[in-house]
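Engineer: I'm passing along input.cif; it holds mmCIF, C-alpha atoms.
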data_target
loop_
_atom_site.label_atom_id
_atom_site.label_comp_id
_atom_site.auth_asym_id
_atom_site.auth_seq_id
_atom_site.Cartn_x
_atom_site.Cartn_y
_atom_site.Cartn_z
CA MET A 23 -9.92 28.81 -14.83
CA ALA A 24 -10.64 32.48 -14.50
CA ILE A 25 -7.22 33.99 -13.78
CA GLN A 26 -7.07 36.47 -10.91
CA ASN A 27 -4.95 39.47 -11.94
CA SER A 28 -5.63 41.81 -9.04
CA THR A 29 -2.80 43.69 -7.38
CA THR A 30 -2.92 46.00 -4.41
CA THR A 31 -1.22 49.37 -4.18
CA ASN A 32 -1.44 51.29 -0.90
CA GLY A 33 -4.42 49.15 0.06
CA SER A 34 -6.32 49.75 -3.21
CA ALA A 35 -7.00 46.91 -5.63
CA VAL A 36 -5.94 47.52 -9.24
CA THR A 37 -7.12 45.10 -11.92
CA ASN A 38 -5.00 44.37 -15.00
CA GLY A 39 -6.24 42.76 -18.19
CA VAL A 40 -5.46 39.09 -18.67
CA ASN A 41 -2.78 40.08 -21.16
CA GLY A 42 -1.34 42.70 -18.87
CA VAL A 43 2.34 42.52 -17.94
CA SER A 44 3.73 44.07 -14.77
CA THR A 45 6.37 46.77 -15.15
CA VAL A 46 8.83 48.42 -12.82
CA ASN A 47 9.79 51.98 -13.81
CA GLY A 48 8.51 51.24 -17.28
CA VAL A 49 10.66 48.12 -17.67
CA LYS A 50 8.98 44.75 -18.17
CA ALA A 51 9.34 42.64 -15.05
CA GLY A 52 9.32 38.86 -14.76
CA PRO A 53 6.35 36.86 -13.48
CA ALA A 54 5.15 38.20 -10.15
CA PRO A 55 6.02 36.12 -7.06
CA LEU A 56 3.37 35.07 -4.57
CA ASP A 57 2.85 38.13 -2.35
CA ALA A 58 0.86 37.79 0.88
CA SER A 59 0.59 41.57 1.24
CA LYS A 60 -1.72 41.65 -1.81
CA LEU A 61 -4.35 39.50 -0.13
CA VAL A 62 -7.94 40.43 -0.98
CA VAL A 63 -10.60 39.33 1.51
CA THR A 64 -14.23 38.96 0.43
CA LEU A 65 -16.30 37.57 3.28
CA ALA A 66 -19.48 35.56 2.84
CA GLU A 67 -22.64 37.56 3.52
CA ASN A 68 -24.43 34.59 5.05
CA LEU A 69 -22.48 32.17 7.20
CA LYS A 70 -23.36 28.48 7.30
CA PRO A 71 -24.73 26.93 10.50
CA LEU A 72 -22.13 24.96 12.43
CA PRO A 73 -22.81 21.21 12.56
CA GLU A 74 -22.82 19.24 15.78
CA PRO A 75 -19.22 18.00 16.21
CA GLU A 76 -20.33 14.43 16.88
CA SER A 77 -22.07 14.33 13.49
CA LEU A 78 -18.95 15.17 11.47
CA VAL A 79 -17.80 12.77 8.77
CA PHE A 80 -14.24 13.41 7.58
CA GLY A 81 -14.03 15.66 4.53
CA GLN A 82 -17.76 16.13 3.99
CA THR A 83 -18.30 19.55 5.57
CA GLN A 84 -17.10 22.70 3.82
CA THR A 85 -16.39 25.87 5.77
CA ASP A 86 -17.57 29.34 4.68
CA HIS A 87 -14.48 30.39 2.73
CA MET A 88 -11.55 29.24 0.62
CA LEU A 89 -8.13 30.71 -0.12
CA ILE A 90 -7.20 30.83 -3.81
CA MET A 91 -4.60 32.23 -6.19
CA ASN A 92 -3.59 31.50 -9.78
CA TYR A 93 -0.35 31.46 -11.73
CA ASP A 94 -0.07 32.76 -15.29
CA PRO A 95 3.26 32.15 -17.10
CA VAL A 96 3.48 35.80 -18.17
CA ILE A 97 1.90 37.65 -15.26
CA GLY A 98 2.95 35.33 -12.45
CA TRP A 99 0.95 34.85 -9.25
CA SER A 100 -2.32 36.70 -8.93
CA ALA A 101 -3.37 38.53 -5.81
CA PRO A 102 -4.39 35.83 -3.31
CA GLU A 103 -8.00 35.95 -2.24
CA ILE A 104 -10.04 34.66 0.68
CA LYS A 105 -13.56 34.40 -0.68
CA PRO A 106 -16.77 32.43 -0.14
CA TYR A 107 -16.40 28.70 -0.81
CA ALA A 108 -17.41 27.96 -4.40
CA PRO A 109 -16.72 25.51 -7.26
CA LEU A 110 -13.68 26.04 -9.47
CA VAL A 111 -14.10 26.87 -13.17
CA LEU A 112 -11.59 24.92 -15.27
CA ASP A 113 -10.99 24.36 -18.97
CA PRO A 114 -11.76 20.73 -19.92
CA MET A 115 -8.26 20.45 -21.41
CA SER A 116 -6.58 21.54 -18.16
CA SER A 117 -3.44 19.56 -17.37
CA CYS A 118 -4.86 18.45 -14.00
CA PHE A 119 -7.51 16.39 -15.79
CA GLN A 120 -5.22 14.89 -18.39
CA TYR A 121 -1.78 14.28 -16.86
CA CYS A 122 -2.38 14.66 -13.11
CA PRO A 123 0.05 17.40 -12.01
CA ASN A 124 -1.90 17.66 -8.75
CA VAL A 125 -0.22 17.94 -5.34
CA PHE A 126 -1.60 18.58 -1.89
CA GLU A 127 -0.91 18.71 1.82
CA GLY A 128 -2.83 17.55 4.88
CA MET A 129 -2.53 19.58 8.07
CA LYS A 130 -4.67 20.68 11.00
CA ALA A 131 -5.49 23.77 13.01
CA TYR A 132 -6.20 23.23 16.72
CA LEU A 133 -7.75 25.39 19.40
CA GLY A 134 -5.35 26.06 22.26
CA PRO A 135 -6.22 26.48 25.95
CA ASP A 136 -6.59 30.23 25.32
CA GLY A 137 -9.16 29.61 22.57
CA GLU A 138 -6.78 30.73 19.82
CA PRO A 139 -5.94 28.62 16.73
CA ARG A 140 -2.59 26.90 16.36
CA LEU A 141 -0.78 24.97 13.63
CA PHE A 142 1.61 22.07 14.12
CA ARG A 143 5.03 22.48 12.44
CA PRO A 144 3.41 24.13 9.39
CA GLU A 145 6.69 25.14 7.78
CA ARG A 146 7.36 21.46 7.10
CA ASN A 147 4.08 21.09 5.23
CA MET A 148 4.89 24.16 3.15
CA ALA A 149 8.34 22.83 2.28
CA ARG A 150 6.94 19.42 1.30
CA LEU A 151 4.23 21.02 -0.84
CA ALA A 152 6.92 22.98 -2.68
CA ARG A 153 8.99 19.82 -3.22
CA SER A 154 5.95 17.96 -4.52
CA ALA A 155 5.12 20.80 -6.92
CA GLU A 156 8.69 20.83 -8.20
CA ARG A 157 8.58 17.04 -8.77
CA VAL A 158 5.73 17.43 -11.28
CA ALA A 159 7.11 20.69 -12.75
CA LEU A 160 4.41 23.00 -11.40
CA PRO A 161 5.22 26.73 -11.00
CA PRO A 162 7.15 27.56 -7.81
CA PHE A 163 5.80 29.67 -4.97
CA ASP A 164 7.12 31.41 -1.86
CA THR A 165 6.47 29.03 1.06
CA SER A 166 6.72 31.82 3.64
CA ALA A 167 4.10 33.84 1.79
CA LEU A 168 1.79 30.84 1.56
CA LEU A 169 2.18 30.14 5.28
CA ALA A 170 1.27 33.76 6.10
CA LEU A 171 -1.81 33.43 3.91
CA LEU A 172 -2.72 30.13 5.49
CA LYS A 173 -2.59 31.66 8.96
CA ARG A 174 -4.91 34.45 7.84
CA PHE A 175 -7.28 31.88 6.34
CA VAL A 176 -7.35 29.86 9.58
CA SER A 177 -8.04 33.03 11.54
CA THR A 178 -10.96 33.76 9.21
CA GLU A 179 -12.38 30.25 9.70
CA LYS A 180 -11.68 30.09 13.44
CA ARG A 181 -15.32 29.52 14.38
CA TRP A 182 -15.19 26.18 12.53
CA ILE A 183 -12.59 24.66 14.87
CA PRO A 184 -14.50 22.46 17.36
CA SER A 185 -13.52 22.97 20.99
CA LEU A 186 -14.00 19.33 21.99
CA PRO A 187 -10.90 17.21 22.74
CA GLY A 188 -9.65 15.34 19.69
CA TYR A 189 -11.30 17.72 17.21
CA SER A 190 -9.60 20.10 14.78
CA LEU A 191 -9.91 21.92 11.47
CA TYR A 192 -8.37 19.86 8.68
CA LEU A 193 -6.64 21.99 6.01
CA ARG A 194 -6.02 20.87 2.43
CA PRO A 195 -3.56 23.14 0.52
CA THR A 196 -3.65 22.03 -3.12
CA VAL A 197 -1.82 22.96 -6.32
CA ILE A 198 -3.16 21.84 -9.69
CA GLY A 199 -1.88 22.37 -13.22
CA THR A 200 -4.31 24.45 -15.29
CA ARG A 201 -2.56 24.73 -18.66
CA PRO A 202 -5.50 24.56 -21.14
CA ALA A 203 -3.90 22.34 -23.78
CA LEU A 204 -3.54 18.62 -24.54
CA GLY A 205 0.16 18.68 -25.41
CA VAL A 206 2.17 16.30 -23.24
CA SER A 207 4.29 18.80 -21.34
CA ALA A 208 4.57 20.50 -17.99
CA SER A 209 1.80 22.86 -16.95
CA ASP A 210 2.98 26.47 -17.03
CA SER A 211 -0.24 27.60 -15.33
CA ALA A 212 -1.54 26.63 -11.92
CA CYS A 213 -4.20 27.16 -9.31
CA LEU A 214 -3.20 27.07 -5.65
CA TYR A 215 -6.06 26.86 -3.20
CA VAL A 216 -6.79 25.89 0.39
CA VAL A 217 -10.06 24.46 1.68
CA ALA A 218 -10.93 23.37 5.20
CA THR A 219 -13.21 20.88 6.92
CA PRO A 220 -13.86 20.38 10.64
CA THR A 221 -12.99 16.89 11.81
CA GLY A 222 -13.17 14.72 14.89
CA PRO A 223 -11.19 11.76 16.24
CA TYR A 224 -10.07 9.22 13.65
CA PHE A 225 -11.80 6.41 15.57
CA LYS A 226 -15.40 7.03 16.58
CA GLY A 227 -16.12 5.71 20.05
CA GLY A 228 -12.49 5.37 21.10
CA SER A 229 -9.23 4.07 19.72
CA ARG A 230 -8.92 0.47 18.52
CA PRO A 231 -6.24 -1.59 16.79
CA ILE A 232 -6.46 -1.80 13.00
CA SER A 233 -5.87 -4.83 10.80
CA LEU A 234 -3.52 -4.84 7.80
CA LEU A 235 -3.33 -6.99 4.69
CA ALA A 236 0.24 -7.06 3.34
CA VAL A 237 0.30 -7.00 -0.48
CA ASN A 238 3.06 -6.94 -3.08
CA GLU A 239 1.15 -7.82 -6.25
CA ASN A 240 0.12 -4.13 -6.29
CA VAL A 241 2.56 -1.43 -5.16
CA ARG A 242 1.97 2.05 -3.82
CA SER A 243 5.41 3.29 -4.89
CA TRP A 244 8.58 2.08 -6.54
CA PRO A 245 12.27 3.10 -6.70
CA GLY A 246 12.69 6.25 -8.77
CA GLY A 247 8.95 6.97 -8.62
CA THR A 248 6.95 9.58 -6.73
CA GLY A 249 6.21 7.82 -3.43
CA GLY A 250 8.30 10.34 -1.53
CA HIS A 251 6.00 13.19 -2.61
CA LYS A 252 2.36 13.97 -1.80
CA LEU A 253 0.80 13.66 -5.25
CA GLY A 254 -2.82 12.87 -5.99
CA LEU A 255 -1.71 10.25 -8.52
CA ASN A 256 -0.13 8.20 -5.71
CA TYR A 257 -3.50 7.50 -4.11
CA ALA A 258 -5.98 6.42 -6.80
CA PRO A 259 -4.12 3.18 -7.73
CA GLY A 260 -4.53 2.04 -4.12
CA PHE A 261 -8.31 2.32 -4.04
CA LYS A 262 -9.07 -1.08 -5.60
CA PRO A 263 -6.53 -3.02 -3.49
CA GLN A 264 -7.95 -1.26 -0.43
CA ARG A 265 -11.48 -2.27 -1.42
CA ASP A 266 -10.33 -5.86 -1.98
CA ALA A 267 -8.66 -5.89 1.45
CA ALA A 268 -11.90 -4.67 3.05
CA THR A 269 -13.83 -7.59 1.53
CA LYS A 270 -11.33 -9.91 3.26
CA GLY A 271 -11.92 -8.24 6.63
CA TYR A 272 -8.90 -5.91 6.80
CA ASP A 273 -8.92 -2.19 7.55
CA GLN A 274 -5.87 -1.11 5.55
CA ILE A 275 -3.13 -2.27 3.20
CA LEU A 276 0.44 -2.86 4.35
CA TRP A 277 2.25 -1.87 1.16
CA LEU A 278 5.25 -3.98 0.19
CA ILE A 279 7.93 -3.91 -2.48
CA GLY A 280 8.85 -7.57 -2.69
CA GLU A 281 8.91 -8.43 1.02
CA ARG A 282 10.05 -4.97 2.10
CA ILE A 283 7.56 -2.81 4.01
CA THR A 284 6.90 0.72 2.76
CA GLU A 285 3.75 2.21 4.32
CA ALA A 286 0.62 1.15 6.23
CA GLY A 287 -2.33 2.54 4.33
CA ALA A 288 -1.45 6.23 4.02
CA MET A 289 0.59 6.12 7.24
CA ASN A 290 4.27 5.76 8.06
CA ALA A 291 4.91 2.44 9.81
CA PHE A 292 6.78 1.85 13.10
CA VAL A 293 7.77 -1.44 14.76
CA VAL A 294 8.73 -1.78 18.46
CA VAL A 295 11.02 -4.69 19.40
CA ARG A 296 12.32 -5.65 22.84
CA ARG A 297 16.11 -5.94 23.05
CA ASP A 298 17.99 -8.55 25.04
CA ASP A 299 19.13 -5.86 27.48
CA GLY A 300 15.54 -4.78 28.21
CA ASP A 301 15.68 -1.58 26.17
CA LEU A 302 13.56 -1.02 23.07
CA ASP A 303 14.40 -0.83 19.38
CA VAL A 304 11.95 1.20 17.29
CA HIS A 305 12.27 0.57 13.55
CA THR A 306 10.78 2.53 10.65
CA PRO A 307 11.46 2.27 6.90
CA ASN A 308 14.14 4.69 5.74
CA LEU A 309 13.35 7.55 3.35
CA ASP A 310 14.57 5.96 0.12
CA GLY A 311 12.20 7.78 -2.23
CA THR A 312 9.38 5.24 -1.82
CA ILE A 313 8.37 6.55 1.63
CA LEU A 314 6.49 9.81 2.23
CA PRO A 315 8.51 12.01 4.64
CA GLY A 316 5.63 12.56 7.04
CA VAL A 317 5.59 15.47 9.46
CA THR A 318 4.22 13.16 12.15
CA ARG A 319 6.92 10.60 11.27
CA SER A 320 9.75 13.08 11.83
CA SER A 321 8.09 14.30 15.04
CA VAL A 322 7.77 10.75 16.38
CA LEU A 323 11.45 10.02 15.70
CA PHE A 324 12.45 13.26 17.44
CA LEU A 325 10.35 12.47 20.52
CA LEU A 326 11.63 8.89 20.71
CA ASP A 327 15.24 10.06 20.58
CA ALA A 328 14.49 12.79 23.13
CA HIS A 329 13.18 10.16 25.58
CA THR A 330 16.68 8.68 25.72
CA SER A 331 18.89 11.72 25.19
CA SER A 332 17.14 14.52 27.14
CA SER A 333 15.01 15.23 30.18
CA LEU A 334 11.88 14.57 28.12
CA SER A 335 10.23 11.18 28.64
CA LEU A 336 7.20 9.45 27.22
CA PRO A 337 4.50 9.55 29.92
CA THR A 338 3.76 5.82 29.56
CA LEU A 339 7.33 4.54 29.69
CA PRO A 340 9.89 4.58 32.53
CA LYS A 341 12.91 6.76 31.88
CA THR A 342 15.10 3.77 32.74
CA ILE A 343 14.00 2.07 29.52
CA LYS A 344 16.03 3.50 26.67
CA ILE A 345 14.68 3.75 23.12
CA HIS A 346 16.95 3.18 20.13
CA THR A 347 15.54 4.37 16.79
CA HIS A 348 16.49 2.81 13.46
CA GLU A 349 15.63 4.02 9.96
CA HIS A 350 16.29 1.12 7.59
CA PRO A 351 14.48 -1.45 5.42
CA ILE A 352 12.10 -3.77 7.30
CA THR A 353 10.96 -7.05 5.77
CA MET A 354 8.09 -9.43 6.40
CA PRO A 355 10.46 -12.29 7.42
CA GLU A 356 11.92 -9.97 10.09
CA LEU A 357 8.43 -9.28 11.48
CA ARG A 358 7.74 -13.00 11.65
CA ALA A 359 11.09 -13.74 13.32
CA TRP A 360 10.61 -11.03 15.97
CA SER A 361 7.12 -12.34 16.64
CA ASP A 362 8.28 -15.97 16.92
CA GLN A 363 11.00 -14.89 19.35
CA GLY A 364 8.47 -13.06 21.55
CA LYS A 365 10.23 -9.73 20.95
CA LEU A 366 7.62 -7.98 18.80
CA LEU A 367 5.79 -5.59 21.14
CA GLU A 368 4.00 -3.04 18.97
CA ILE A 369 3.36 -1.99 15.39
CA PHE A 370 1.70 1.34 14.74
CA GLY A 371 1.11 3.79 11.91
CA VAL A 372 1.41 7.56 12.19
CA GLY A 373 0.00 10.43 10.15
CA THR A 374 -1.81 13.75 10.31
CA ALA A 375 -5.32 12.28 10.34
CA VAL A 376 -4.82 9.44 12.80
CA ILE A 377 -1.79 10.77 14.77
CA VAL A 378 -0.94 7.24 16.04
CA ALA A 379 -2.89 4.06 15.22
CA GLY A 380 -2.01 0.68 16.70
CA VAL A 381 -2.00 -2.51 14.62
CA GLY A 382 -3.70 -5.63 15.97
CA ARG A 383 -3.09 -8.21 13.24
CA ILE A 384 -1.48 -8.63 9.82
CA GLY A 385 -2.39 -11.04 7.06
CA TYR A 386 0.03 -11.97 4.27
CA SER A 387 -0.22 -14.51 1.44
CA GLY A 388 3.37 -15.55 2.13
CA TRP A 389 2.23 -16.90 5.51
CA GLY A 390 -0.76 -18.83 4.13
CA ASP A 391 -3.81 -18.61 6.35
CA GLU A 392 -1.76 -17.76 9.45
CA GLU A 393 -1.87 -14.17 10.69
CA LEU A 394 0.64 -12.25 12.76
CA VAL A 395 -1.22 -11.17 15.90
CA LEU A 396 0.20 -8.36 18.02
CA PRO A 397 -0.02 -8.20 21.83
CA ASN A 398 -3.36 -6.84 22.97
CA HIS A 399 -3.37 -3.36 24.54
CA GLU A 400 -6.26 -1.34 25.89
CA GLY A 401 -7.33 1.19 23.26
CA GLY A 402 -5.16 -0.55 20.68
CA LEU A 403 -1.94 1.27 21.57
CA GLY A 404 1.01 -0.14 23.49
CA PRO A 405 3.13 1.95 25.88
CA VAL A 406 5.26 3.51 23.12
CA GLY A 407 2.37 4.29 20.77
CA LYS A 408 0.16 5.60 23.59
CA GLY A 409 2.95 7.76 24.98
CA LEU A 410 3.58 9.28 21.57
CA PHE A 411 -0.13 9.91 20.99
CA ASP A 412 -0.55 11.63 24.35
CA MET A 413 2.56 13.75 23.94
CA LEU A 414 1.81 14.80 20.37
CA THR A 415 -1.76 15.84 21.17
CA GLU A 416 -0.56 17.88 24.16
CA ILE A 417 1.95 19.70 21.94
CA GLN A 418 -0.47 20.21 19.06
CA VAL A 419 -3.06 22.09 21.12
CA GLY A 420 -0.46 24.12 22.99
CA ARG A 421 -0.82 22.51 26.42
CA ALA A 422 2.86 21.52 26.26
CA GLU A 423 5.67 23.52 24.68
CA PHE A 424 8.31 21.64 22.73
CA GLU A 425 10.82 23.00 20.23
CA GLY A 426 8.40 25.67 19.00
CA TRP A 427 6.34 23.05 17.17
CA CYS A 428 2.99 24.61 18.10
CA VAL A 429 2.60 27.82 16.06
CA PRO A 430 -0.11 30.42 16.84
CA VAL A 431 -1.77 31.85 13.72
CA VAL A 432 -1.74 35.39 15.10
#
Output the structure of this file as C-alpha cells.
Structural biologist:
Amino acid sequence: MAIQNSTTTNGSAVTNGVNGVSTVNGVKAGPAPLDASKLVVTLAENLKPLPEPESLVFGQTQTDHMLIMNYDPVIGWSAPEIKPYAPLVLDPMSSCFQYCPNVFEGMKAYLGPDGEPRLFRPERNMARLARSAERVALPPFDTSALLALLKRFVSTEKRWIPSLPGYSLYLRPTVIGTRPALGVSASDSACLYVVATPTGPYFKGGSRPISLLAVNENVRSWPGGTGGHKLGLNYAPGFKPQRDAATKGYDQILWLIGERITEAGAMNAFVVVRRDDGDLDVHTPNLDGTILPGVTRSSVLFLLDAHTSSSLSLPTLPKTIKIHTHEHPITMPELRAWSDQGKLLEIFGVGTAVIVAGVGRIGYSGWGDEELVLPNHEGGLGPVGKGLFDMLTEIQVGRAEFEGWCVPVV
C-alpha cells in the first residue's frame, strides 16, 4: 500500500518522506492521531452517470469518490483524502490477505424532506468499528475525527443518494491490516477507507416474509469468539451453509449454538409472544459475545420500551397493549412450545440493510419434515414489525424527530 504522508499547515499540504518522523519544537513526537482538519480533497474530473434507481443491485455500483487514510507505526495516521474511486495497491504479504484483520461497518445516508443528507445514529457505528478494530489488534483511531470525515464524504457524494422512498446511500467504512510480512503477529500498519453504493429497498416489488433454515452443525459464532464484532472473517464461513439452505428452498440461515438461537442470517432476531393478560412479550437473544450488537437492534429495543413507558406509540399497535422486552437466551423448543400454544405471533430480523424483515416459516432437522409456520400478515410483517419499520424509516429520513437519532451531515 502506498502510504499517504501528507500533512496540512495553514491550508497548505506538506509531504514528508516515508521515513519521515513528525516533530514538535524539534522533539520527536509519537505517531500522529487521525486528524480531520488535514483532509485533502481531490475531486474526479469526470463524474459517472447516475443509474436509474430501479436498476440498482446492492453493492454493485461505485460512486465517484472514496475516503482513505493509512497508518504507519512510526508516522501514525496520514492526512485523510477524498479522491476518485480507484483500486487499492497492497503488498501480497499484507496481513489482511494472510490472517484476516479486516473489520467494517454498514450504515446508510438518507435524503431528508429538505433534500439534505442525514445519517442514523452514526456515533454507534463509529464506536463499534473501533471495538472491532481493537479486537483484532488493529491501530486505534479517533472516532469523532472519522465521523467528521464521513460526513464530508457523504456531502461530496450527495448526488448519489436516490430521492425515491426506500432508497439510500449505503456506506462501508473498512479497516484492514497492511503489515507487509508473513510473521504471525498483529498488523502495526493499516488502511482505513470508506466506499459508498446507492441502494434501494431490500425486497424488490414489496416486502415479503422470509424463510429460515435453523442449523447447528455449522455455527456463525461461539462463546469467547468474535461474533460480537463486525469482522470480515465472521461472514465467509457462512457462505456454504447459506448456499446449502438455498438449495433446500430457504432464504436465510437461523444460526444456532446447540438449540439456542443466535442470529437470523446477518440480522438480529426478535420473537413476539402473546401474554395471558393480552400484552406482548418481545424476546431477543442477549448480547453474550456471540451476538452482534446491532444499531438497529438497540433502536428497536428502545422504541419498544418507549411504546409502554412514554407518550410514543407504535403506529400499528394500540397504546393499551403494553410491550415487555426481554434480552435472554431463546431456544428452538421454546419457539415450538409458543407456537403449539397459539401464542407465537411474529418473528422478525432487523439490520441496516433490511431494517425489519418478517419470517414466514422455519425448518429445523430437530423437527423432522415439519416446519414452524408463522401467522400470515400482509407484506410479511405483523403489527409489531410493521410499526417498527414505519417508525424507523420516518426517523431515518428526518420526517420524525426522536432522541437526536437523525444526524444532518452539515
Engineer: Give me, as a ChimeraX atom specification, all polymer residues having an atom no more than 9 Å from Arg383 (chain A), counting all atoms listed in the file and skipping those fewer than 3 positions away in the same chain.
Structural biologist: /A:231-235,272,393-396
Engineer: Kindly resolve the PyMOL selection byres ((chain A and resi 132) around 6) on the present coordinates and return the residues as a PyMOL selection string.
Structural biologist: chain A and resi 131+133+139-140+190+419
Engineer: Each residue of region 150-244 of chain A with at least one atom at most 10 Å from region 92-106 of chain A should appear once, together with its nearest atom pair and the corresponding distance in Å (one decimal); atoms considered: only C-alpha atoms; ordering: chain, then increasing residue number; output as JSON lines.
Structural biologist:
{"residue": "A:Leu160", "atom": "CA", "partner": "A:Tyr93", "partner_atom": "CA", "distance": 9.7}
{"residue": "A:Pro161", "atom": "CA", "partner": "A:Tyr93", "partner_atom": "CA", "distance": 7.3}
{"residue": "A:Pro162", "atom": "CA", "partner": "A:Tyr93", "partner_atom": "CA", "distance": 9.3}
{"residue": "A:Phe163", "atom": "CA", "partner": "A:Trp99", "partner_atom": "CA", "distance": 8.3}
{"residue": "A:Leu168", "atom": "CA", "partner": "A:Pro102", "partner_atom": "CA", "distance": 9.3}
{"residue": "A:Leu171", "atom": "CA", "partner": "A:Pro102", "partner_atom": "CA", "distance": 8.0}
{"residue": "A:Leu172", "atom": "CA", "partner": "A:Ile104", "partner_atom": "CA", "distance": 9.9}
{"residue": "A:Arg174", "atom": "CA", "partner": "A:Ile104", "partner_atom": "CA", "distance": 8.8}
{"residue": "A:Phe175", "atom": "CA", "partner": "A:Ile104", "partner_atom": "CA", "distance": 6.9}
{"residue": "A:Thr178", "atom": "CA", "partner": "A:Ile104", "partner_atom": "CA", "distance": 8.6}
{"residue": "A:Val197", "atom": "CA", "partner": "A:Asn92", "partner_atom": "CA", "distance": 9.4}
{"residue": "A:Ile198", "atom": "CA", "partner": "A:Asn92", "partner_atom": "CA", "distance": 9.7}
{"residue": "A:Gly199", "atom": "CA", "partner": "A:Tyr93", "partner_atom": "CA", "distance": 9.3}
{"residue": "A:Thr200", "atom": "CA", "partner": "A:Tyr93", "partner_atom": "CA", "distance": 8.8}
{"residue": "A:Arg201", "atom": "CA", "partner": "A:Asp94", "partner_atom": "CA", "distance": 9.1}
{"residue": "A:Ser209", "atom": "CA", "partner": "A:Pro95", "partner_atom": "CA", "distance": 9.4}
{"residue": "A:Asp210", "atom": "CA", "partner": "A:Pro95", "partner_atom": "CA", "distance": 5.7}
{"residue": "A:Ser211", "atom": "CA", "partner": "A:Asp94", "partner_atom": "CA", "distance": 5.2}
{"residue": "A:Ala212", "atom": "CA", "partner": "A:Tyr93", "partner_atom": "CA", "distance": 5.0}
{"residue": "A:Cys213", "atom": "CA", "partner": "A:Asn92", "partner_atom": "CA", "distance": 4.4}
{"residue": "A:Leu214", "atom": "CA", "partner": "A:Asn92", "partner_atom": "CA", "distance": 6.1}
{"residue": "A:Tyr215", "atom": "CA", "partner": "A:Asn92", "partner_atom": "CA", "distance": 8.4}
{"residue": "A:Val216", "atom": "CA", "partner": "A:Ile104", "partner_atom": "CA", "distance": 9.4}
Engineer: Ranking A:Asp273, A:Ile283, A:Leu112, A:Asp299 by minimum distance to Arg230 (chain A) and counting only C-alpha atoms, which one comes first?
Structural biologist: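 Residue with the minimum atom-to-atom distance to Arg230 (chain A): A:Asp273.
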Engineer: What are the closest atom pairs, with distances in Å to one decimal, for all residues of region 266-385 of chain A lying within 7 Å of region 236-242 of chain A? Consider only C-alpha atoms, order rows by chain and residue number, and present the result as CSV.
Structural biologist:
residue,atom,partner,partner_atom,distance
A:Ile275,CA,A:Ala236,CA,5.9
A:Leu276,CA,A:Ala236,CA,4.3
A:Trp277,CA,A:Val237,CA,5.7
A:Leu278,CA,A:Asn238,CA,4.9
A:Ile279,CA,A:Asn238,CA,5.8
A:Gly280,CA,A:Asn238,CA,5.8
A:Ile384,CA,A:Ala236,CA,6.9
A:Gly385,CA,A:Ala236,CA,6.0
Engineer: I need the residue nearest Pro337 (chain A) from this list: A:Gly247, A:Gly260, A:Gly409, A:Pro223. Use all atoms listed in the file for the distance.
Structural biologist: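 Using all atoms listed in the file, Pro337 (chain A) sits closest to A:Gly409.
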Engineer: Go through A:His87, A:Lys173, A:Arg282, A:His399 and flag the residue nearest Val431 (chain A), using only C-alpha atoms for the distances.
Structural biologist: A:Lys173
Engineer: Smallest atom-to-atom distance to Ala208 (chain A): which of A:Phe370, A:Trp360, A:Trp427, A:Tyr121, using only C-alpha atoms?
Structural biologist: A:Tyr121
Engineer: When you count all atoms listed in the file, which of these residues is closest to Ser59 (chain A): A:Thr312, A:Ser243, A:Thr374, A:Ser166?
Structural biologist: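 Checking each candidate against Ser59 (chain A), we get A:Ser166 as the closest.
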Engineer: Can you translate the PyMOL selection byres ((chain A and resi 70) around 10) into the concrete residues it hits in this file, as a PyMOL selection string?
Structural biologist: chain A and resi 66-69+71-73+84-86+182
Engineer: Run the PyMOL selection byres ((chain A and resi 149) around 12) on the file and write out the hits as a PDB file with C-alpha atoms, in the coordinates of the input.
Structural biologist:
ATOM      1  CA  PHE A 126      -1.600  18.580  -1.890  1.00  0.00           C
ATOM      2  CA  GLU A 127      -0.910  18.710   1.820  1.00  0.00           C
ATOM      3  CA  ARG A 143       5.030  22.480  12.440  1.00  0.00           C
ATOM      4  CA  PRO A 144       3.410  24.130   9.390  1.00  0.00           C
ATOM      5  CA  GLU A 145       6.690  25.140   7.780  1.00  0.00           C
ATOM      6  CA  ARG A 146       7.360  21.460   7.100  1.00  0.00           C
ATOM      7  CA  ASN A 147       4.080  21.090   5.230  1.00  0.00           C
ATOM      8  CA  MET A 148       4.890  24.160   3.150  1.00  0.00           C
ATOM      9  CA  ARG A 150       6.940  19.420   1.300  1.00  0.00           C
ATOM     10  CA  LEU A 151       4.230  21.020  -0.840  1.00  0.00           C
ATOM     11  CA  ALA A 152       6.920  22.980  -2.680  1.00  0.00           C
ATOM     12  CA  ARG A 153       8.990  19.820  -3.220  1.00  0.00           C
ATOM     13  CA  SER A 154       5.950  17.960  -4.520  1.00  0.00           C
ATOM     14  CA  ALA A 155       5.120  20.800  -6.920  1.00  0.00           C
ATOM     15  CA  GLU A 156       8.690  20.830  -8.200  1.00  0.00           C
ATOM     16  CA  PRO A 162       7.150  27.560  -7.810  1.00  0.00           C
ATOM     17  CA  PHE A 163       5.800  29.670  -4.970  1.00  0.00           C
ATOM     18  CA  ASP A 164       7.120  31.410  -1.860  1.00  0.00           C
ATOM     19  CA  THR A 165       6.470  29.030   1.060  1.00  0.00           C
ATOM     20  CA  SER A 166       6.720  31.820   3.640  1.00  0.00           C
ATOM     21  CA  ALA A 167       4.100  33.840   1.790  1.00  0.00           C
ATOM     22  CA  LEU A 168       1.790  30.840   1.560  1.00  0.00           C
ATOM     23  CA  LEU A 169       2.180  30.140   5.280  1.00  0.00           C
ATOM     24  CA  HIS A 251       6.000  13.190  -2.610  1.00  0.00           C
ATOM     25  CA  LYS A 252       2.360  13.970  -1.800  1.00  0.00           C
ATOM     26  CA  PRO A 315       8.510  12.010   4.640  1.00  0.00           C
ATOM     27  CA  GLY A 316       5.630  12.560   7.040  1.00  0.00           C
ATOM     28  CA  VAL A 317       5.590  15.470   9.460  1.00  0.00           C
TER      29      VAL A 317
END
Engineer: Out of A:Val295, A:Ile345, A:Leu56, A:Leu414, which residue has the shortest atom-to-atom distance to Asp362 (chain A) when counting all atoms listed in the file?
Structural biologist: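 Counting all atoms listed in the file, the residue closest to Asp362 (chain A) is A:Val295.
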Engineer: Within 9 Å of Thr415 (chain A), counting all atoms listed in the file, which residues show up once you throw out same-chain ones fewer than 6 positions away? Write them as a ChimeraX atom specification, please.
Structural biologist: /A:188,377,421-422
